Structure formats: structure tokens, C-alpha cells
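Written below as C-alpha cells is the structure these notes are about.
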Amino acid sequence: MRTGYRAAAGVFIGEALLMLLTAAGLSSLLRANELVFSVIKYAGAGYLAWIAFGMIRGAWEMWRTRKVGAPAEGPEGAQDGERPFRRSLLITLLNPKAILFFISFFVQFVDPSYPHPVLSFGLLALIYQVISISYVTLLILGGTYLSAQFRRRRRLSAGLTSGAGALFLGFAAKLATTGS
């Protein structure tokens, strides 16, 4: 669970930064300069592909060693070299869909003619983060249970990890080929 919340902290901080950049005028920059958006889009697609290949490589290793006993992981399931906070922060910041969501969503609900638009923006950001924390907590609790089940069923785990890696490759390809 600790690893899950470390990753979740990266998502929450990444989303907070995206909200802050949206309030600071990121939407104007991305609308005016398609090159900047394209750089973000392709960097995000490349990073997703890199993660996908890592997942597929890890699944292949699980498949090859499936007859061996349980993996030598701690109770948290995190490996020593894993950095869940940094990984989730990068994924969030390089996600063009998240950027576009905040640009289109927040701009609609913050009235610039209101005497205190920062207050409206802050309240909206707080509500969004509370919903996000609740949702991610449910994912972490469910994921903790499922990871215990997958540690006992290495073959199933290898197959599902391969499938998730292939899905990430598909997401990366889709992201790289969509228009702005």
C-alpha cells in the first residue's frame, strides 16, 4: 500500500501542477504553439512505450521463472530500483489528454469577471483532488488484494502483465497518431 500511495502522490502533485499551469495560461501557450503540444504528445507516447516494453520484459522474466518459488520481493511488492512517485509524476505531466482535460474543464468553470477567480479555481481544484484521492484509494486497496493473488499465480500474472504492456503500447501508438 505504501508503494501505491507513493505513486498516487506523484499523480496528485502532477495534477496540481497541471491545474496551476492551466490557471497561469498554459492553454494559451498550447493553442498558440502546436510544436510545444507535439513535443509533449510525443514525449508522453515515448514514455508510455518505454514503460510498456519494461512490463513486457518483466512478464517474460516471470514466465521464464514461473516454476521457481515466489519472487524475492518484500511485502510491499516494490523492487529496490523502482521509483513509483517519479514514474507517476512523469506520466501525469506528459499526458496530453490530462493537459487537455484541465485546459478545457477548468476554463469553463472559472469566470474571469468574478472578483476572486482564484477562489473559484482553488475550490474546483480541491474538489477534484478529493475525488481523485478517493478513487485512487479504492484502486490501491483493490490492487493490494490482487497483487497478493498474482504473487501466488505467476503464470496468470505473467500473462496479464504482457497484456497490460501490449495495452500501453497501443496507448502510446494512439497518442502518437492523434491530432491536437
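By convention in this document, the chains of the C-alpha cells carry letters A, B, ... by their order, each chain's residues are numbered from 1, and ligands are numbered from 1 in the order they are shown.
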Item to complete: Fewer than 6 positions away in the same chain doesn't count, so skip those; otherwise give me all residues within 12 Å of Val130 of chain A, counting only C-alpha atoms, as a PyMOL selection string.
Response: chain A and resi 12+16+123-124+136-137
Practice prompt. Name all residues at most 12 Å from Pro112 of chain A (count only C-alpha atoms; drop same-chain ones fewer than 6 positions away) and give them as a count of residues only.
Written response: 6
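All residues of protein, DNA or RNA that reach within 7 Å of Ala176 of chain A, judged by only C-alpha atoms and not counting those fewer than 6 positions away in the chain, are Lys41, Tyr42 and Ala45 of chain A.
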Worksheet item: So which one's closest to Ala7 of chain A, A:Gln108, A:Thr177, A:Ser38, A:Ser88? Using only C-alpha atoms, please.
Response: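 The closest residue to Ala7 of chain A is A:Ser88.
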Worksheet entry | Long-range neighbours of segment 140-156 of chain A as JSON, numbers by chain, 7 Å cut-off, only C-alpha atoms, 2 positions minimum in chain | {"A": [1, 4, 62, 63, 66, 70, 136, 137, 138, 158, 159, 160]}
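Candidate residues A:Gly44, A:Gly165, A:Gly25, A:Gly170 were compared for distance to Ile91 of chain A, and the nearest is A:Gly44, using only C-alpha atoms.
Note that the spacing between atom CA of Leu94 of chain A and atom CA of Ile40 of chain A amounts to 5.8 Å.
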Worksheet item: Would you give me, as a ChimeraX atom specification, the residues in segment 72-177 of chain A that DSSP reads as alpha helix (DSSP H)?
Response: /A:84-93,96-109,117-152,154-177
Worksheet item: When you draw a straight line from atom CA of Phe37 of chain A to atom CA of Ala49 of chain A, how long is it in Å?
Response: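 Between atom CA of Phe37 of chain A and atom CA of Ala49 of chain A the gap is 18.3 Å.
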